[in-house]
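The structure appears right after this line, and notes come after that.
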Amino acid sequence: MTTTTQSRADAKAAAAHAAYQPVDGRLLDVENLHVHFHTSDGVAKAINGVSFHLDQGESLAILGESGSGKSVTAQAIMGILDVPPAKIPEGHIRYCGQDLLAMPEEQRRKTRGPEISMIFQDALSSLNPVFPVGWQIAEMFREHRGLNKSDALAQAVRLMERVSIPGAKARVKAYPHQFSGGMRQRIMIAMAIALDPAILIADEPTTALDVTVQAQIMSLLQELQQERKMGLILITHDLGVVADVADRIAVMYAGRLIETADVYTGYANPAHPYTKGLLDSLPRLDQKGQTLAAIPGLPPNLLKMPPGCAFHPRCPLARERCREERPELVEVRPGRFAACHYTEEVLHA
Amino acid sequence: MTDKTTSSDLTKAPDLDATPIGITTPAGGEATEARSLASDAWRELRQRPLFWVSLAIIAVFVLMAIFPQLFTRLDPTDADLAKGSDPPSFTWNGAWFGYDLQGYDIYARTIYGARASILVGVFATILTSLLGVLIGTFAAYAGGWVDSLMMRVTDIFFAIPFLLGGILFMTTFANDANTGYFVIVGKVVLVLAILGWPSIARLMRGSVLQVKPNDYVQAARALGASPWRIIRSHILPNAMAPVLIVSMINLGAYISAEASLSFLGIGLTPPAISWGVAISDSLVYIRTAPHMLIFPSIFLSLTVLGFIMLGDVVRDAFDPKTR
């Protein structure tokens with residue numbers, strides 16, 4: 001019985017993915033994305049011209065502190081921004097060559113789950129408290145694949161086993177509050193990968209969890225990504241968490257990308273003073289007893305962006321030019337981009 | 001829907017009560033539910049005497065509404081003018097509640113009067129809840145100008161004074177001698193629903209606004225759930241509790257509202273048998289034949305008390321802050 005259930009589910013899965021095929025391995029292309037929020041205090045420009053791409057099987061970490069626009073970028077890709085107050089005045093988000101922003105809402109909705117999927121920061125509140133977890137996972141198959149109740153539930157059990165929930169069969173009928181935080185995040189991951197998405201966006205997937213569980217969840221994500229050749233976008237403020245998992249990093253500040261690099265060179269030799277500041281502010285065992293370096297000041301108010309480089313009020317290298325002229329994101333080394341007038345100084349520091 | 005809850009509670013009550021209190025068996029579907037809000041509330045409820053008292057009162061009156069023959073063998077339409085206004089006689093075969101002006105047996109009339117009150121109460125509750133939930137949910141989910149527009153319409157209906165609106169409606173669509181029983185009841189239900197939905201709609205809107213920004217609703221969106229499914233699976237089940245409780249309390253209020261309209265001669269009208277009509281008819285004779293007024297009034301008060309008490313006790317059980 002399980003084999004027929006499985007083959008029926010697989011056939012439906014294959015049919016569902018036929019419509020989107022990556023072009024030259026390129027899954028996602030975000031081009032000059034702008035997101036504005038219309039508030040009573042004025043227009044908050046949360047994202048100002050962000051461009052990046054994601055290839056098949058690649059993992060990209062988007063780094064930045066609170067308010068840098070990393071979560072908004074994720075929500076814009078998913079298409080779950082509340083419009084209004086949010087507005088996307090400019091930009092393209094191409095998935096397998098098709099512009100998601102130009103798609104009719106119903107067609108776009110059908111890409112959420114089977115094509116692009118997302119897990120959220122707070123696993124404790126991302127599950128509906130009134131339904132059993134198995135029912136919620138099975139819901140994915142029923143909504144998108146039209147499986148019947150028992151087939152969908154069998155798939156749910158299989159997924160719960162895949163994300164290493166002990167006693168999956170017995171716990172399929174348990175409610176979210178009966179699971180620990182880490183287990184709930186596993187269930188959330190199970191829901192997100194249920195339909196074999198090509199892209200998984202993880203918005204601070206480990207922030208609400210304690211350190212040992214963080215490592216487990218990250219390695220689970222990495223494992224699943226390699227197993228399914230997914231493109232993974234990891235959004236985090238925690239540089240330590242992504243070091244092992246990410247292939248490339250993209251650092252955001254005040255709604256702009258300020259540096260992109262592969263994870264090794266980016267961590268070893270940052271090209272932007274902000275990235276350097278972030279890395280220096282990580283506590284390290286060999287520096288025990290010394291004062292932790294911190295970046296002075298606060299991120300800028302999105303309603304009142306400073307002129308020139310948005311980072312200049314906090315930058316140790318800031319000069320007259322930084323106050324007047326905004327640096328563009330340019331290629332500073334092969335495959336590395338940074339937006340700073342004095343990149344060379346940072347690189348050679 | 002309140003009617004359904006009540007009756008299913010009634011049927012379930014004995015066997016559920018037989019299971020040991022507070023003990024949950026590990027694993028298995030039903031038992032794991034035992035720690036949800038609803039089951040916490042249930043555990044709280046069954047320890048409250050008020051809950052059982054109100055349930056018993058409601059059970060008696062619901063039974064009375066469905067099978068009045070169980071309570072009296074007399075025909076409420078049997079009049080004997082010779083016995084008009086006779087006071088109660090406390091002999092075994094006598095009329096315990098006495099006779100009214102037309103010589104109807106007041107006991108039989110009062111028993112048969114329960115049906116109108118319960119019907120009006122239950123259907124007015126169902127209709128107001130349906131309308132209120134629908135409009136409140138839609139307004140809150142859609143947001144923006146749709147929300148503003150719908151809430152202004154709600155405000156307009158909210159502003160209509162209850163009695164004035166009731167009198168206007170019932171005099172515009174007046175009953176005559178040929179109007180059928182269910183048409184009469186239907187009209188009263190309709191006017192109560194038209195004037196009663198705004199409060200439910202407001203409550204539901206507030207409740208949905210509270211549930212909507214929750215992460216699980218966002219997560220459902222990110223995983224491709226359709227708006228209809230988001231509302232049905234994620235918003236409604238998490239936002240319904242306050243409305244269910246307020247509706248239960250309102251049920252009592254609707255019964256007394258029906259009595260008020262009937263008392264004014266514009267709600268239920270004869271030949272429909274109703275407590276409101278009986279009270280209205282007997283008011284003039286309050287000094288000469290007080291029994292004609294007292295018995296229907298007691299029944300009316302008890303029914304309203306039953307529903308309001310139940311609503312109160314259920315609300316307390318569902319509110320973690322009162323524990």
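In the structure tokens, chains take the letters A, B, ... in the order shown, each chain's residues start at 1, and ligands count up from 1 in the order shown.
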
* Find the residues of chain B in contact range of chain A, meaning any atom within 6 Å when counting only C-alpha atoms, and list them as a PyMOL selection string. => chain B and resi 29+215-216+222-224

Given only C-alpha atoms, how would the per-residue table for range 70-150 of chain B near range 180-184 of chain B read, listing every residue at most 12 Å away with its closest atom pair and distance in Å to one decimal, sorted by chain and number, as JSON lines?
{"residue": "B:Arg115", "atom": "CA", "partner": "B:Tyr181", "partner_atom": "CA", "distance": 11.0}
{"residue": "B:Ala116", "atom": "CA", "partner": "B:Tyr181", "partner_atom": "CA", "distance": 9.0}
{"residue": "B:Leu119", "atom": "CA", "partner": "B:Phe182", "partner_atom": "CA", "distance": 9.5}
{"residue": "B:Val120", "atom": "CA", "partner": "B:Ile184", "partner_atom": "CA", "distance": 10.0}
{"residue": "B:Phe123", "atom": "CA", "partner": "B:Phe182", "partner_atom": "CA", "distance": 11.6}

* To do: Go ahead and compute the interatomic distance for CA of Gln56 in chain A and CA of Tyr20 in chain A, in Å to one decimal.
  =>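 Pair CA of Gln56 in chain A / CA of Tyr20 in chain A returns 12.7 Å.
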
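Of the residues under consideration (A:Gly167, A:Gly49, A:Gly266, A:Gly289), A:Gly266 shows the shortest atom-to-atom contact distance to Phe337 in chain A when counting only C-alpha atoms.
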
* To do: Name the residues of range 67-221 of chain A that come out as strand (DSSP E or B) in a backbone DSSP run; write them as a PyMOL selection string.
  => chain A and resi 86-95+98-99+112+116-119+199-203

* With a distance cut-off of 8 Å and only C-alpha atoms, select the neighbouring residues of range 64-66 of chain A, excluding the residue or stretch itself and same-chain residues fewer than 4 positions from it, and output the selection as an MDAnalysis selection string. => chainID A and resid 70 236:237 251:253

* Asked: Of the candidates B:Val191, B:Val313, B:Ile106, B:Val60, which one gets nearest to Leu261 in chain B if we count only C-alpha atoms?
  ->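 When distances to Leu261 in chain B are compared using only C-alpha atoms, the smallest one comes from B:Val191.
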
* List every residue of range 118-332 of chain A that DSSP, applied to the backbone of this structure, places in alpha helix (DSSP H), and write the result as a ChimeraX atom specification. => /A:133-145,149-162,168-171,181-193,211-228,239-242,263-268,273-280,320-324

* Residues within 12 Å of range 155-166 of chain B, only C-alpha atoms, excluding chain neighbours under 2 positions, as JSON, numbers by chain -> {"B": [132, 148, 149, 150, 151, 152, 153, 168, 169, 170, 171, 172, 173, 174, 187, 188, 189, 190, 191, 192, 193, 194, 195, 196, 197, 198, 199, 200, 201, 202, 253, 254, 257, 258, 259, 260, 261, 262, 263, 264, 265, 266, 267]}

* **Atom-to-atom span, CA of Ala140 in chain B and CA of Ala41 in chain B, Å** =>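 Rounded to one decimal, the two atoms are 27.2 Å apart.
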
* To do: Give me the residues within 9 Å of Phe299 in chain B as a PyMOL selection string, counting only C-alpha atoms and dropping any in the same chain fewer than 6 places off.
  => chain B and resi 61+110-111+114+275

Put those residues in a file: N, CA, C and O atoms, as a PDB file, in the first residue's frame.
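Wrote it out as part37.pdb, contents follow:
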ATOM      1  N   PHE B  61     -35.982  23.661  29.630  1.00  0.00           N
ATOM      2  CA  PHE B  61     -36.744  24.541  28.745  1.00  0.00           C
ATOM      3  C   PHE B  61     -36.657  24.098  27.290  1.00  0.00           C
ATOM      4  O   PHE B  61     -37.625  24.236  26.541  1.00  0.00           O
ATOM      5  N   THR B 110     -48.182  28.420  29.537  1.00  0.00           N
ATOM      6  CA  THR B 110     -46.801  28.763  29.837  1.00  0.00           C
ATOM      7  C   THR B 110     -45.845  27.704  29.287  1.00  0.00           C
ATOM      8  O   THR B 110     -44.794  28.021  28.737  1.00  0.00           O
ATOM      9  N   ILE B 111     -46.245  26.425  29.424  1.00  0.00           N
ATOM     10  CA  ILE B 111     -45.414  25.342  28.892  1.00  0.00           C
ATOM     11  C   ILE B 111     -45.280  25.493  27.375  1.00  0.00           C
ATOM     12  O   ILE B 111     -44.179  25.450  26.818  1.00  0.00           O
ATOM     13  N   ALA B 114     -42.919  28.221  25.797  1.00  0.00           N
ATOM     14  CA  ALA B 114     -41.461  28.072  25.748  1.00  0.00           C
ATOM     15  C   ALA B 114     -40.972  27.963  24.314  1.00  0.00           C
ATOM     16  O   ALA B 114     -39.900  28.463  23.970  1.00  0.00           O
ATOM     17  N   TRP B 275     -44.695  33.911  26.043  1.00  0.00           N
ATOM     18  CA  TRP B 275     -44.653  34.519  27.380  1.00  0.00           C
ATOM     19  C   TRP B 275     -44.839  36.021  27.297  1.00  0.00           C
ATOM     20  O   TRP B 275     -45.506  36.615  28.115  1.00  0.00           O
TER      21      TRP B 275
END

* Which residue gives the smallest distance to Arg142 in chain A among B:Asp78, B:Arg229, B:Arg315, B:Ser256, with only C-alpha atoms counted? ->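 With only C-alpha atoms as the atom set, the closest residue is B:Arg229.
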
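Relative to CA of Pro327 in chain A, CA of Thr73 in chain A is found at 21.0 Å.
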